[in-house]
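Peer 1: The file below is final.txt, compact mmCIF, C-alpha atoms:
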# COMPACT_ATOMS: atom_id res chain seq x y z
CA ASN A 30 0.00 0.00 0.00
CA PHE A 31 2.83 2.40 0.82
CA ARG A 32 4.45 1.71 -2.54
CA ARG A 33 1.17 2.43 -4.33
CA LEU A 34 0.79 5.74 -2.51
CA LEU A 35 4.28 6.76 -3.59
CA GLU A 36 3.41 5.88 -7.17
CA ARG A 37 -0.07 7.45 -7.21
CA TYR A 38 1.04 10.80 -5.86
CA GLU A 39 4.46 10.73 -7.58
CA LEU A 40 6.25 11.11 -4.26
CA ALA A 41 9.47 9.32 -5.23
CA GLY A 42 10.77 12.47 -6.91
CA GLU A 43 9.85 14.46 -3.81
CA ILE A 44 11.82 12.04 -1.64
CA LEU A 45 14.89 12.53 -3.85
CA ALA A 46 14.43 16.30 -3.73
CA ARG A 47 14.12 16.33 0.07
CA VAL A 48 17.18 14.12 0.52
CA ASN A 49 19.21 16.28 -1.84
CA GLY A 50 18.01 19.46 -0.18
CA HIS A 51 19.32 18.16 3.13
CA LEU A 52 22.64 17.13 1.56
CA SER A 53 22.98 20.53 -0.12
CA ARG A 54 22.39 22.35 3.16
CA LYS A 55 25.17 20.24 4.65
CA GLY A 56 27.47 21.38 1.86
CA LEU A 57 27.75 17.92 0.30
CA MET A 58 26.33 18.82 -3.13
CA LEU A 59 28.06 21.75 -4.80
CA LYS A 60 26.31 21.54 -8.20
CA ARG A 61 29.20 23.02 -10.18
CA GLY A 62 29.19 20.20 -12.69
CA THR A 63 27.23 17.12 -13.75
CA ILE A 64 28.16 13.65 -14.96
CA VAL A 65 25.50 11.85 -17.02
CA ASP A 66 25.26 8.14 -17.65
CA ALA A 67 22.79 5.27 -17.91
CA THR A 68 22.56 1.63 -16.91
CA ILE A 69 20.35 -1.19 -18.11
CA ILE A 70 17.99 -2.81 -15.58
CA ALA A 71 16.92 -6.22 -16.83
CA ALA A 72 13.26 -7.18 -16.87
CA PRO A 73 11.88 -10.73 -16.66
CA SER A 74 11.95 -12.21 -20.15
CA SER A 75 9.18 -14.73 -19.38
CA LYS A 76 5.78 -14.13 -20.98
CA ASN A 77 2.45 -13.75 -19.18
CA VAL A 78 -0.65 -15.87 -19.68
CA GLU A 79 -1.46 -13.88 -22.83
CA GLY A 80 1.93 -14.82 -24.23
CA GLU A 81 3.36 -11.30 -23.99
CA ARG A 82 6.30 -9.75 -22.23
CA ASP A 83 6.04 -6.37 -20.52
CA PRO A 84 5.10 -4.08 -23.48
CA GLU A 85 6.83 -1.06 -21.89
CA MET A 86 10.18 -2.85 -21.78
CA HIS A 87 12.30 -3.39 -24.89
CA GLN A 88 15.47 -5.12 -25.92
CA THR A 89 18.75 -3.55 -26.90
CA LYS A 90 22.16 -4.78 -27.94
CA LYS A 91 25.23 -3.82 -25.94
CA GLY A 92 28.46 -5.17 -27.31
CA GLU A 93 27.66 -8.66 -28.51
CA GLN A 94 24.87 -9.30 -25.99
CA TRP A 95 21.16 -8.54 -26.07
CA TYR A 96 19.31 -7.18 -23.01
CA PHE A 97 15.59 -6.85 -22.33
CA GLY A 98 14.39 -4.26 -19.86
CA MET A 99 14.66 -0.55 -19.06
CA LYS A 100 17.33 2.09 -18.63
CA ALA A 101 17.95 4.23 -15.56
CA HIS A 102 19.52 7.56 -16.55
CA ILE A 103 21.17 9.67 -13.86
CA GLY A 104 22.78 13.05 -13.46
CA VAL A 105 25.50 13.03 -10.80
CA ASP A 106 27.20 15.89 -8.97
CA VAL A 107 30.83 16.06 -10.14
CA ASP A 108 32.26 16.96 -6.72
CA SER A 109 30.37 14.52 -4.48
CA GLY A 110 29.29 11.73 -6.84
CA LEU A 111 25.72 12.05 -5.49
CA VAL A 112 22.70 11.68 -7.77
CA HIS A 113 20.62 14.80 -8.34
CA THR A 114 18.39 13.72 -11.26
CA VAL A 115 16.88 10.40 -12.39
CA THR A 116 14.89 9.50 -15.50
CA THR A 117 13.92 6.14 -17.00
CA THR A 118 13.21 4.85 -20.49
CA ALA A 119 12.85 1.55 -22.26
CA ALA A 120 16.23 -0.09 -22.85
CA ASN A 121 16.26 0.66 -26.58
CA GLU A 122 16.25 4.46 -26.09
CA ALA A 123 19.57 6.11 -26.95
CA ASP A 124 21.38 7.65 -23.97
CA VAL A 125 21.86 10.97 -25.77
CA THR A 126 18.11 11.62 -25.94
CA GLU A 127 17.95 11.95 -22.14
CA ALA A 128 21.07 14.07 -21.65
CA GLU A 129 19.27 17.40 -21.44
CA TYR A 130 16.78 16.12 -18.85
CA LEU A 131 19.59 15.10 -16.49
CA LEU A 132 20.85 18.64 -15.90
CA HIS A 133 19.73 20.71 -12.89
CA GLY A 134 20.41 24.06 -14.57
CA LYS A 135 23.22 25.41 -12.39
CA GLU A 136 26.14 23.36 -13.66
CA ARG A 137 28.84 24.88 -15.81
CA VAL A 138 30.37 21.65 -17.12
CA VAL A 139 28.93 18.27 -18.16
CA TYR A 140 30.91 15.02 -18.43
CA ALA A 141 29.64 12.12 -20.54
CA ASP A 142 30.89 9.05 -22.38
CA ALA A 143 30.96 8.66 -26.15
CA GLY A 144 27.32 7.53 -26.19
CA TYR A 145 26.35 11.18 -25.69
CA THR A 146 28.14 12.46 -28.79
CA GLY A 147 26.09 15.30 -30.24
CA ALA A 148 24.37 16.22 -26.98
CA ASP A 149 26.14 19.57 -26.94
CA LYS A 150 24.62 20.48 -30.31
CA SER A 151 21.06 19.32 -29.56
CA ALA A 152 20.76 20.78 -26.05
CA ALA A 153 18.56 23.86 -25.76
CA ARG A 154 20.77 25.32 -23.05
CA LYS A 155 23.85 26.98 -24.50
CA GLY A 156 27.15 27.99 -22.94
CA LEU A 157 27.82 24.68 -21.18
CA ASP A 158 31.24 23.06 -21.31
CA TRP A 159 30.48 19.56 -22.60
CA GLN A 160 33.34 17.16 -21.83
CA ILE A 161 32.23 14.23 -23.98
CA ALA A 162 34.59 11.30 -24.47
CA ARG A 163 35.98 10.80 -27.94
CA LYS A 164 35.19 7.49 -29.57
CA ARG A 165 38.03 5.04 -29.01
CA GLY A 166 38.25 4.11 -32.67
CA VAL A 167 38.78 7.73 -33.65
CA VAL A 168 41.63 8.20 -31.17
CA LYS A 169 43.19 4.86 -32.05
CA ALA A 170 43.19 5.73 -35.74
CA MET A 171 45.15 8.94 -35.19
CA PRO A 172 48.81 8.90 -36.21
CA ASP A 173 51.26 8.56 -33.35
CA GLY A 174 52.73 11.79 -32.11
CA ARG A 175 52.36 14.60 -29.62
CA GLU A 176 48.80 15.45 -30.62
CA LYS A 177 47.63 11.88 -30.05
CA GLN A 178 49.45 11.69 -26.71
CA ALA A 179 47.87 14.98 -25.59
CA ILE A 180 44.39 13.74 -26.54
CA GLN A 181 44.94 10.40 -24.78
CA LYS A 182 46.03 12.25 -21.64
CA ALA A 183 42.95 14.48 -21.76
CA GLU A 184 40.68 11.46 -22.30
CA LYS A 185 42.22 9.68 -19.34
CA ARG A 186 41.54 12.70 -17.13
CA LYS A 187 37.92 12.88 -18.29
CA ALA A 188 37.48 9.14 -17.70
CA SER A 189 38.75 9.46 -14.11
CA ILE A 190 36.05 12.06 -13.44
CA ARG A 191 33.31 10.07 -15.19
CA ALA A 192 34.16 7.04 -13.05
CA ARG A 193 32.32 8.67 -10.12
CA VAL A 194 29.00 8.03 -11.85
CA GLU A 195 29.55 4.28 -11.40
CA HIS A 196 29.36 4.49 -7.61
CA PRO A 197 25.57 5.05 -7.36
CA PHE A 198 24.99 2.25 -9.87
CA ARG A 199 27.14 -0.07 -7.76
CA VAL A 200 25.25 0.82 -4.56
CA VAL A 201 21.84 0.26 -6.15
CA LYS A 202 22.83 -3.01 -7.80
CA CYS A 203 25.22 -4.50 -5.24
CA GLN A 204 24.27 -3.03 -1.85
CA PHE A 205 20.53 -2.97 -2.57
CA GLY A 206 20.44 -5.96 -4.92
CA TYR A 207 18.41 -4.18 -7.61
CA VAL A 208 19.53 -5.96 -10.78
CA LYS A 209 16.11 -6.81 -12.22
CA THR A 210 12.79 -4.96 -12.35
CA ARG A 211 10.25 -6.06 -9.75
CA PHE A 212 7.04 -4.75 -11.31
CA LYS A 213 5.28 -4.42 -14.65
CA GLY A 214 5.41 -1.12 -16.51
CA LEU A 215 7.72 1.87 -16.35
CA ALA A 216 5.70 3.89 -13.82
CA LYS A 217 6.00 1.43 -10.93
CA ASN A 218 9.65 0.68 -11.66
CA THR A 219 10.49 4.37 -12.05
CA ALA A 220 9.13 5.11 -8.59
CA GLN A 221 11.29 2.37 -7.13
CA VAL A 222 14.40 3.39 -9.06
CA ILE A 223 14.16 7.04 -7.97
CA THR A 224 13.64 6.00 -4.34
CA LEU A 225 16.66 3.69 -4.50
CA PHE A 226 18.91 6.44 -5.84
CA ALA A 227 17.71 8.76 -3.06
CA LEU A 228 18.72 6.06 -0.56
CA SER A 229 22.02 5.54 -2.39
CA ASN A 230 22.84 9.20 -1.73
CA LEU A 231 22.31 8.70 1.98
CA TRP A 232 24.37 5.50 1.86
CA MET A 233 27.30 7.18 0.13
CA ALA A 234 27.17 10.27 2.35
CA ARG A 235 26.50 8.43 5.62
CA LYS A 236 30.00 8.76 7.09
CA ARG A 237 30.24 12.45 6.34
CA LEU A 238 26.76 13.08 7.73
CA LEU A 239 27.50 11.16 10.93
CA ALA A 240 30.82 12.96 11.34
CA MET A 241 29.01 16.31 11.13
CA THR A 242 26.65 15.35 13.95
CA GLY A 243 29.32 13.73 16.11
CA GLU A 244 27.39 10.49 16.10
CA LEU A 245 29.93 8.17 14.60
CA ARG A 246 29.27 4.59 15.52
CA PRO A 247 31.38 3.63 18.57
CA GLN A 248 34.06 1.03 18.06
CA ALA A 249 33.25 -2.37 19.50
CA ALA A 250 35.10 -3.19 22.67
CA PHE A 251 37.12 -6.41 22.77
Once more with this new file: its structure as structure tokens, please.

Peer 2:
Amino acid sequence: NFRRLLERYELAGEILARVNGHLSRKGLMLKRGTIVDATIIAAPSSKNVEGERDPEMHQTKKGEQWYFGMKAHIGVDVDSGLVHTVTTTAANEADVTEAEYLLHGKERVVYADAGYTGADKSAARKGLDWQIARKRGVVKAMPDGREKQAIQKAEKRKASIRARVEHPFRVVKCQFGYVKTRFKGLAKNTAQVITLFALSNLWMARKRLLAMTGELRPQAAF
């Protein structure tokens, strides 16, 4: 019943906003830059009694493997690695189509992998510094020399920053065990995904929050 209330009144987004408001007041979210990325959440491939799979889920190919399910798209604060925005789509939606919806409006720089190529040109908001990864094949095909070395160094620096976006995904999938959708349809699963990312923020910031209140867990006595 509680889950249905969250879904009916669209309260999951409010939970994320309240959590992030608290974290911002504590100085843990600086909002100077955003990292965008997406992950695939698998859906049950089995069919229902009508012989159909969930019609709101779709399949997509990643590498040499096919996946059936949905995508969770997130916008992450560059400084803290905390999630500020979450959207969902079917798995076959291109990452770049959601890029603009993952920005909070105050960032000056956006980091993204090569899947977001072209986002800087299609975004309505101008003046942002889009740090989008170059496609590996393009860099590899460049002739050896100083220019290639400089580009490889810059790409390595961008990759080290983008790596922070993987932490919330790891928490949701490993700590919380959310590797497959639990419900039918995007609406129910979206409510759960947003709630989980709100909780992942608290999980990742827990030590800093406890340190601020002086309530660090006491060490066990032996």

Peer 1: Which residues are near Val194 (chain A)? Cut-off 9 Å, all atoms listed in the file, ignore same chain within fewer than 6 positions. Put them as a list of chain:residue names.

Peer 2: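 What passes the distance filter is A:Ile64, A:Val65, A:Asp66, A:Ile103, A:Gly104, A:Val105, A:Asp106, A:Val107, A:Gly110, A:Leu111, A:Val112.
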
Peer 1: Could you please give me, as a list in words, the residues of protein, DNA or RNA lying at most 6 Å from (39.2, 17.9, -21.1) in the coordinate frame of the file, considering only C-alpha atoms?

Peer 2: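 It turns out the residues near that spot are Gln160, Ala183 and Lys187 of chain A.
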
Peer 1: Calculate how many Å separate CA of His133 (chain A) from CA of Thr63 (chain A), rounding to one decimal.

Peer 2: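 One can read the CA of His133 (chain A) to CA of Thr63 (chain A) distance as 8.4 Å.
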
Peer 1: As an exercise, work out the distance from CA of Thr219 (chain A) to CA of Ile190 (chain A) in Å and give it to one decimal place.

Peer 2: 26.7 Å

Peer 1: Do you have the CA of Ala143 (chain A)-CA of His113 (chain A) distance handy?

Peer 2: 21.5 Å

Peer 1: Could you list, as a ChimeraX atom specification, every residue within 9 Å of Ala120 (chain A), counting all atoms listed in the file and ignoring same-chain residues fewer than 3 positions away?

Peer 2: /A:68-71,86-89,96-101,117,123

Peer 1: Write the residues you've just listed into a file as a PDB file, in the frame of the given file, and include C-alpha atoms for each of them.

Peer 2:
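Saved to selection-v1.pdb:
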ATOM      1  CA  THR A  68      22.560   1.630 -16.910  1.00  0.00           C
ATOM      2  CA  ILE A  69      20.350  -1.190 -18.110  1.00  0.00           C
ATOM      3  CA  ILE A  70      17.990  -2.810 -15.580  1.00  0.00           C
ATOM      4  CA  ALA A  71      16.920  -6.220 -16.830  1.00  0.00           C
ATOM      5  CA  MET A  86      10.180  -2.850 -21.780  1.00  0.00           C
ATOM      6  CA  HIS A  87      12.300  -3.390 -24.890  1.00  0.00           C
ATOM      7  CA  GLN A  88      15.470  -5.120 -25.920  1.00  0.00           C
ATOM      8  CA  THR A  89      18.750  -3.550 -26.900  1.00  0.00           C
ATOM      9  CA  TYR A  96      19.310  -7.180 -23.010  1.00  0.00           C
ATOM     10  CA  PHE A  97      15.590  -6.850 -22.330  1.00  0.00           C
ATOM     11  CA  GLY A  98      14.390  -4.260 -19.860  1.00  0.00           C
ATOM     12  CA  MET A  99      14.660  -0.550 -19.060  1.00  0.00           C
ATOM     13  CA  LYS A 100      17.330   2.090 -18.630  1.00  0.00           C
ATOM     14  CA  ALA A 101      17.950   4.230 -15.560  1.00  0.00           C
ATOM     15  CA  THR A 117      13.920   6.140 -17.000  1.00  0.00           C
ATOM     16  CA  ALA A 123      19.570   6.110 -26.950  1.00  0.00           C
TER      17      ALA A 123
END

Peer 1: Nearest residue to Tyr130 (chain A) out of A:Leu40, A:Arg191, A:His102, A:Asp142, using all atoms listed in the file?

Peer 2: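 The answer is A:His102, which sits nearest to Tyr130 (chain A).
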
Peer 1: Measuring between only C-alpha atoms, which one of A:Val115, A:Leu132, A:Ala227, A:Ile161 shows the shortest distance to Val48 (chain A)?

Peer 2: A:Ala227

Peer 1: Using only C-alpha atoms for the distances, tell me which of A:Ala170, A:Val125, A:Leu215, A:Ala41 is nearest to Ala72 (chain A).

Peer 2: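 The closest residue to Ala72 (chain A) is A:Leu215.
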
Peer 1: Can you work out which one of A:Leu131, A:Leu231, A:Ala220, A:Val167 has the shortest atom-to-atom distance to Arg32 (chain A), counting only C-alpha atoms?

Peer 2: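 For Arg32 (chain A), the nearest of the given residues is A:Ala220.
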
Peer 1: For Arg37 (chain A), which residue among A:Arg137, A:Glu85, A:Lys217, A:Ile223 is the nearest when counting all atoms listed in the file?

Peer 2: A:Lys217

Peer 1: Measuring atom to atom with only C-alpha atoms, identify which of A:Ala141, A:Val200, A:Ala152, A:Val208 is nearest to Ala234 (chain A).

Peer 2: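 Among the listed residues, the smallest separation from Ala234 (chain A) belongs to A:Val200.
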
Peer 1: Near Val168 (chain A), counting all atoms listed in the file, which residues have an atom at most 8 Å away, once you skip same-chain residues fewer than 6 positions from it, shown as number ranges by chain?

Peer 2: A: 177, 180-181
